[in-house]
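The next block is work18.cif, given as mmCIF, C-alpha atoms.
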data_work
#
loop_
_atom_site.group_PDB
_atom_site.id
_atom_site.type_symbol
_atom_site.label_atom_id
_atom_site.label_comp_id
_atom_site.auth_asym_id
_atom_site.auth_seq_id
_atom_site.Cartn_x
_atom_site.Cartn_y
_atom_site.Cartn_z
ATOM 1 C CA MET A 308 75.683 88.382 40.740
ATOM 2 C CA ILE A 309 74.382 87.987 44.314
ATOM 3 C CA ALA A 310 77.249 90.116 45.644
ATOM 4 C CA ALA A 311 76.341 92.914 43.214
ATOM 5 C CA THR A 312 72.721 92.670 44.392
ATOM 6 C CA TYR A 313 73.849 93.112 48.001
ATOM 7 C CA VAL A 314 75.936 96.166 47.073
ATOM 8 C CA VAL A 315 73.104 97.817 45.119
ATOM 9 C CA LEU A 316 70.606 97.173 47.929
ATOM 10 C CA GLY A 317 73.064 98.529 50.484
ATOM 11 C CA ALA A 318 73.470 101.754 48.509
ATOM 12 C CA ALA A 319 69.676 102.080 48.245
ATOM 13 C CA GLY A 320 69.308 101.525 51.991
ATOM 14 C CA LEU A 321 71.870 104.239 52.753
ATOM 15 C CA LEU A 322 70.074 106.722 50.498
ATOM 16 C CA PHE A 323 66.697 105.933 52.092
ATOM 17 C CA CYS A 324 68.214 106.331 55.582
ATOM 18 C CA TYR A 325 69.652 109.692 54.533
ATOM 19 C CA ARG A 326 66.150 110.844 53.574
ATOM 20 C CA ALA A 327 64.653 109.429 56.767
ATOM 21 C CA LEU A 328 67.213 111.286 58.887
ATOM 22 C CA MET A 329 67.399 114.577 56.967
ATOM 23 C CA GLY A 330 63.867 114.829 55.544
ATOM 24 C CA PRO A 331 62.498 118.305 56.108
ATOM 25 C CA SER A 332 58.900 117.190 56.748
ATOM 26 C CA VAL A 333 57.336 114.263 58.571
ATOM 27 C CA SER A 334 55.991 112.931 55.249
ATOM 28 C CA SER A 335 59.482 112.833 53.757
ATOM 29 C CA ARG A 336 60.846 111.027 56.782
ATOM 30 C CA MET A 337 58.038 108.459 56.550
ATOM 31 C CA ILE A 338 58.767 107.958 52.850
ATOM 32 C CA GLY A 339 62.418 107.318 53.719
ATOM 33 C CA ILE A 340 61.440 104.816 56.420
ATOM 34 C CA ASP A 341 59.115 103.017 53.979
ATOM 35 C CA GLY A 342 61.936 102.751 51.472
ATOM 36 C CA ALA A 343 64.331 101.444 54.113
ATOM 37 C CA ILE A 344 61.777 98.783 55.091
ATOM 38 C CA VAL A 345 61.293 97.591 51.508
ATOM 39 C CA THR A 346 65.072 97.493 51.079
ATOM 40 C CA GLY A 347 65.318 95.351 54.203
ATOM 41 C CA MET A 348 62.672 92.989 52.841
ATOM 42 C CA SER A 349 64.648 92.677 49.599
ATOM 43 C CA VAL A 350 67.856 91.974 51.533
ATOM 44 C CA ILE A 351 66.163 89.198 53.518
ATOM 45 C CA ILE A 352 64.809 87.580 50.320
ATOM 46 C CA VAL A 353 68.176 87.871 48.549
ATOM 47 C CA ASN A 354 69.894 86.368 51.596
ATOM 48 C CA ALA A 355 67.481 83.422 51.437
ATOM 49 C CA MET A 356 68.399 82.963 47.756
ATOM 50 C CA ASP A 357 72.079 83.177 48.653
ATOM 51 C CA THR A 358 72.117 80.637 51.469
ATOM 52 C CA GLY A 359 69.260 78.444 50.221
ATOM 53 C CA ARG A 360 67.640 78.502 53.661
ATOM 54 C CA GLY A 361 64.347 80.358 53.892
ATOM 55 C CA SER A 362 63.872 80.148 57.654
ATOM 56 C CA HIS A 363 63.500 83.922 58.090
ATOM 57 C CA LEU A 364 61.340 84.598 55.032
ATOM 58 C CA PRO A 365 58.198 84.996 57.236
ATOM 59 C CA VAL A 366 59.904 88.110 58.616
ATOM 60 C CA THR A 367 59.299 89.769 55.244
ATOM 61 C CA VAL A 368 55.546 89.148 55.553
ATOM 62 C CA VAL A 369 55.553 90.751 59.004
ATOM 63 C CA LEU A 370 57.609 93.684 57.713
ATOM 64 C CA ALA A 371 55.111 94.296 54.904
ATOM 65 C CA LEU A 372 52.228 94.468 57.385
ATOM 66 C CA VAL A 373 54.122 96.594 59.926
ATOM 67 C CA SER A 374 55.167 98.995 57.165
ATOM 68 C CA PHE A 375 51.548 99.500 56.092
ATOM 69 C CA ILE A 376 50.244 99.953 59.626
ATOM 70 C CA SER A 377 52.977 102.405 60.629
ATOM 71 C CA THR A 378 52.474 104.449 57.476
ATOM 72 C CA SER A 379 48.721 104.633 58.114
ATOM 73 C CA VAL A 380 49.225 105.739 61.717
ATOM 74 C CA VAL A 381 51.741 108.431 60.780
ATOM 75 C CA ALA A 382 49.465 109.654 57.981
ATOM 76 C CA ARG A 383 46.584 110.042 60.425
ATOM 77 C CA PHE A 384 48.935 111.858 62.782
ATOM 78 C CA ILE A 385 50.070 114.362 60.132
ATOM 79 C CA GLU A 386 46.509 114.918 58.978
ATOM 80 C CA GLY A 387 45.376 115.731 62.506
ATOM 81 C CA ARG A 388 47.849 118.603 62.709
ATOM 82 C CA ARG A 389 45.804 120.738 60.315
ATOM 83 C CA GLU A 390 45.134 124.171 61.746
ATOM 84 C CA MET B 875 70.507 81.762 36.275
ATOM 85 C CA ILE B 876 67.262 83.683 35.781
ATOM 86 C CA GLY B 877 66.663 84.069 39.509
ATOM 87 C CA PRO B 878 69.784 86.140 40.352
ATOM 88 C CA VAL B 879 69.283 88.242 37.218
ATOM 89 C CA LEU B 880 65.730 89.123 38.257
ATOM 90 C CA ALA B 881 66.902 89.849 41.793
ATOM 91 C CA LEU B 882 69.613 92.181 40.490
ATOM 92 C CA ALA B 883 67.068 93.968 38.277
ATOM 93 C CA GLY B 884 64.780 94.420 41.284
ATOM 94 C CA ALA B 885 67.677 95.753 43.371
ATOM 95 C CA VAL B 886 68.564 98.254 40.655
ATOM 96 C CA LEU B 887 64.941 99.441 40.594
ATOM 97 C CA THR B 888 65.034 99.877 44.379
ATOM 98 C CA LEU B 889 68.246 101.902 43.987
ATOM 99 C CA LEU B 890 66.532 104.083 41.371
ATOM 100 C CA ALA B 891 63.671 104.655 43.832
ATOM 101 C CA ALA B 892 66.214 105.644 46.486
ATOM 102 C CA ILE B 893 67.941 108.107 44.149
ATOM 103 C CA GLY B 894 64.559 109.618 43.315
ATOM 104 C CA VAL B 895 63.607 109.870 47.002
ATOM 105 C CA VAL B 896 66.876 111.677 47.760
ATOM 106 C CA ARG B 897 66.928 114.014 44.777
ATOM 107 C CA PHE B 898 63.281 115.015 44.244
ATOM 108 C CA PRO B 899 62.340 118.341 45.820
ATOM 109 C CA ASP B 900 59.197 117.694 47.900
ATOM 110 C CA ALA B 901 57.178 114.985 49.585
ATOM 111 C CA LEU B 902 54.662 114.291 46.799
ATOM 112 C CA THR B 903 57.331 113.807 44.116
ATOM 113 C CA ARG B 904 59.355 111.629 46.499
ATOM 114 C CA LEU B 905 56.262 109.506 47.087
ATOM 115 C CA HIS B 906 55.854 109.162 43.325
ATOM 116 C CA ALA B 907 59.421 107.869 43.009
ATOM 117 C CA LEU B 908 59.130 105.460 45.942
ATOM 118 C CA THR B 909 55.788 103.780 45.304
ATOM 119 C CA LYS B 910 56.145 102.827 41.653
ATOM 120 C CA ALA B 911 59.776 101.801 41.524
ATOM 121 C CA SER B 912 59.948 99.944 44.833
ATOM 122 C CA THR B 913 56.745 97.962 44.147
ATOM 123 C CA LEU B 914 58.158 96.524 40.931
ATOM 124 C CA GLY B 915 61.603 96.151 42.557
ATOM 125 C CA LEU B 916 60.351 94.008 45.430
ATOM 126 C CA THR B 917 58.133 91.972 43.079
ATOM 127 C CA LEU B 918 61.096 91.215 40.809
ATOM 128 C CA VAL B 919 63.256 90.168 43.775
ATOM 129 C CA ALA B 920 60.514 87.863 45.093
ATOM 130 C CA VAL B 921 59.841 86.287 41.687
ATOM 131 C CA GLY B 922 63.585 85.802 41.174
ATOM 132 C CA ALA B 923 63.778 84.111 44.574
ATOM 133 C CA ALA B 924 60.856 81.873 43.633
ATOM 134 C CA PHE B 925 62.976 80.439 40.792
ATOM 135 C CA VAL B 926 65.835 79.609 43.155
ATOM 136 C CA LEU B 927 64.352 78.646 46.520
ATOM 137 C CA PRO B 928 64.100 74.875 47.003
ATOM 138 C CA THR B 929 60.902 74.311 49.006
ATOM 139 C CA ALA B 930 57.354 75.444 48.302
ATOM 140 C CA ASN B 931 57.100 76.806 51.839
ATOM 141 C CA ASP B 932 59.815 79.400 51.204
ATOM 142 C CA VAL B 933 58.393 80.306 47.816
ATOM 143 C CA THR B 934 54.958 81.032 49.273
ATOM 144 C CA SER B 935 56.471 83.195 52.029
ATOM 145 C CA ALA B 936 58.403 85.358 49.547
ATOM 146 C CA LEU B 937 55.492 85.690 47.123
ATOM 147 C CA LEU B 938 53.030 86.405 49.957
ATOM 148 C CA ALA B 939 55.269 89.222 51.213
ATOM 149 C CA ALA B 940 55.467 90.708 47.718
ATOM 150 C CA ALA B 941 51.698 90.405 47.220
ATOM 151 C CA LEU B 942 50.964 92.064 50.571
ATOM 152 C CA TYR B 943 53.327 94.890 49.703
ATOM 153 C CA VAL B 944 51.765 95.351 46.274
ATOM 154 C CA PHE B 945 48.261 95.465 47.764
ATOM 155 C CA THR B 946 49.028 97.768 50.704
ATOM 156 C CA LEU B 947 51.518 100.271 49.258
ATOM 157 C CA PRO B 948 49.021 102.140 47.027
ATOM 158 C CA ILE B 949 46.717 102.602 50.027
ATOM 159 C CA ALA B 950 49.557 103.779 52.258
ATOM 160 C CA GLY B 951 50.824 106.051 49.489
ATOM 161 C CA SER B 952 47.502 107.780 48.967
ATOM 162 C CA MET B 953 47.067 108.173 52.733
ATOM 163 C CA ILE B 954 50.472 109.876 52.985
ATOM 164 C CA ALA B 955 49.707 112.054 49.941
ATOM 165 C CA ARG B 956 46.340 113.110 51.377
ATOM 166 C CA ALA B 957 47.878 113.918 54.762
ATOM 167 C CA THR B 958 50.664 115.897 53.080
ATOM 168 C CA TYR B 959 48.170 117.936 51.085
ATOM 169 C CA LEU B 960 45.880 118.590 54.036
ATOM 170 C CA SER B 961 48.726 119.652 56.321
ATOM 171 C CA ASP B 962 49.869 122.291 53.791
ATOM 172 C CA GLU B 963 53.210 120.620 53.202
ATOM 173 C CA ALA B 964 52.689 120.350 49.434
ATOM 174 C CA ASN B 965 54.940 122.794 47.597
ATOM 175 C CA THR B 966 52.648 125.072 45.592
ATOM 176 C CA GLU B 967 55.509 126.276 43.370
ATOM 177 C CA ILE B 968 55.942 122.765 41.968
ATOM 178 C CA HIS B 969 52.298 121.658 41.938
ATOM 179 C CA ALA B 970 51.003 124.771 40.222
ATOM 180 C CA VAL B 971 47.539 123.344 39.484
ATOM 181 C CA ASP B 972 45.539 122.703 42.654
ATOM 182 C CA GLU B 973 42.304 121.078 41.556
ATOM 183 C CA LEU B 974 41.088 120.585 45.110
ATOM 184 C CA ALA B 975 41.447 124.239 46.152
ATOM 185 C CA ASP B 976 37.765 125.147 45.632
ATOM 186 C CA ARG B 977 36.579 122.106 47.471
ATOM 187 C CA ARG B 978 38.978 122.791 50.302
ATOM 188 C CA ARG B 979 37.755 126.352 50.673
ATOM 189 C CA HIS B 980 34.186 124.996 50.764
ATOM 190 C CA ASP B 981 35.152 122.416 53.365
ATOM 191 C CA ALA B 982 36.706 125.105 55.536
ATOM 192 C CA THR B 983 33.371 126.922 55.767
ATOM 193 C CA VAL B 984 31.306 123.826 56.589
ATOM 194 C CA ASP B 985 31.548 122.370 60.065
ATOM 195 C CA TYR B 986 31.100 118.630 59.580
ATOM 196 C CA ASP B 987 31.675 117.812 63.219
ATOM 197 C CA GLY B 988 28.881 120.028 64.538
#

Please render this file's structure as structure tokens.
Amino acid sequence: MIAATYVVLGAAGLLFCYRALMGPSVSSRMIGIDGAIVTGMSVIIVNAMDTGRGSHLPVTVVLALVSFISTSVVARFIEGRRE
Amino acid sequence: MIGPVLALAGAVLTLLAAIGVVRFPDALTRLHALTKASTLGLTLVAVGAAFVLPTANDVTSALLAAALYVFTLPIAGSMIARATYLSDEANTEIHAVDELADRRRHDATVDYDG
């Protein structure tokens, strides 16, 4: 069950990275990066379930905050490019 | 037993969000796929972990991360959507009804900064 969860999350991470690399606009790239971050958070939580040790679970809290701040900054950046 | 099942369900939802992000045609529809599915996906993974993890310290970390994500993602999503619309990256062939067009034309004639 845990192994299947890893495989599914890995596939999702690859698809998000594809969108982050190939996205035609900055918004699409940022959406891909957001998805990759949430996939990474899920992988960290699933790894904590797997091993029973939650020593790096605080990393997920930091990732949630960094994801929000980076998205806000990029959104302001795109908005400022209006002609 | 219920913890891994919830985690797998959350992972499948995240995969569905990823498929939507790859296959949808423009930024606003991709945002629609990402925000809804990945919010519930991460919440399910965190709740599943809360059933399994041994100490209360770990459980609070996982649930706090999920709660922060749930609270911040709608704000980030609407900021990205607003920036996409204002920078003319929204595909007008897909979003045929533009309810903000009049207001935008009005805004273009008013100089708020001056």

Taking the file above as input, evaluate the PyMOL selection byres ((chain B and resi 951) around 12) and report the hits as a VMD selection string.
-> (chain A and resid 334 to 335 337 to 338 341 to 342 374 to 379 381 to 382) or (chain B and resid 901 to 910 912 to 913 943 to 950 952 to 958)

Deliver the residues from the most recent selection as a file, using C-alpha atoms, as a compact mmCIF listing (two decimals), in the frame of the given file.
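In the end it all went to result-v8.txt:
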# COMPACT_ATOMS: atom_id res chain seq x y z
CA SER A 334 55.99 112.93 55.25
CA SER A 335 59.48 112.83 53.76
CA MET A 337 58.04 108.46 56.55
CA ILE A 338 58.77 107.96 52.85
CA ASP A 341 59.12 103.02 53.98
CA GLY A 342 61.94 102.75 51.47
CA SER A 374 55.17 99.00 57.16
CA PHE A 375 51.55 99.50 56.09
CA ILE A 376 50.24 99.95 59.63
CA SER A 377 52.98 102.40 60.63
CA THR A 378 52.47 104.45 57.48
CA SER A 379 48.72 104.63 58.11
CA VAL A 381 51.74 108.43 60.78
CA ALA A 382 49.46 109.65 57.98
CA ALA B 901 57.18 114.98 49.58
CA LEU B 902 54.66 114.29 46.80
CA THR B 903 57.33 113.81 44.12
CA ARG B 904 59.36 111.63 46.50
CA LEU B 905 56.26 109.51 47.09
CA HIS B 906 55.85 109.16 43.32
CA ALA B 907 59.42 107.87 43.01
CA LEU B 908 59.13 105.46 45.94
CA THR B 909 55.79 103.78 45.30
CA LYS B 910 56.14 102.83 41.65
CA SER B 912 59.95 99.94 44.83
CA THR B 913 56.74 97.96 44.15
CA TYR B 943 53.33 94.89 49.70
CA VAL B 944 51.76 95.35 46.27
CA PHE B 945 48.26 95.46 47.76
CA THR B 946 49.03 97.77 50.70
CA LEU B 947 51.52 100.27 49.26
CA PRO B 948 49.02 102.14 47.03
CA ILE B 949 46.72 102.60 50.03
CA ALA B 950 49.56 103.78 52.26
CA SER B 952 47.50 107.78 48.97
CA MET B 953 47.07 108.17 52.73
CA ILE B 954 50.47 109.88 52.98
CA ALA B 955 49.71 112.05 49.94
CA ARG B 956 46.34 113.11 51.38
CA ALA B 957 47.88 113.92 54.76
CA THR B 958 50.66 115.90 53.08

Taking the file as shown, find all residues satisfying the PyMOL selection byres ((chain A) within 8 of (chain B)) and write them as an MDAnalysis selection string.
-> chainID A and resid 308:309 311:312 315:316 318:320 322:323 325:326 332 334:335 338:339 342 345:346 348:349 352:353 355:356 359:362 364:365 367:369 371:372 375 378:379 382:383 385:386 388:390

Please return the centre and edge lengths, in Å to one decimal, of a box with edges along x, y and z that contains all listed atoms of segment 322-328 of chain A, widened by 6 Å on every side, as AutoDock Vina command-line options.
--center_x 67.4 --center_y 108.6 --center_z 54.7 --size_x 17.4 --size_y 17.4 --size_z 20.4

Atom-to-atom span, atom CA of Ala343 of chain A and atom CA of Val921 of chain B, Å |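 Spanning atom CA of Ala343 of chain A to atom CA of Val921 of chain B is a straight-line distance of 20.1 Å.
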
Do you have the atom CA of Val366 of chain A-atom CA of Ile340 of chain A distance handy?
->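 One can read the atom CA of Val366 of chain A to atom CA of Ile340 of chain A distance as 16.9 Å.
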
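For the pair atom CA of Ala975 of chain B and atom CA of Val333 of chain A, the separation is 22.5 Å.
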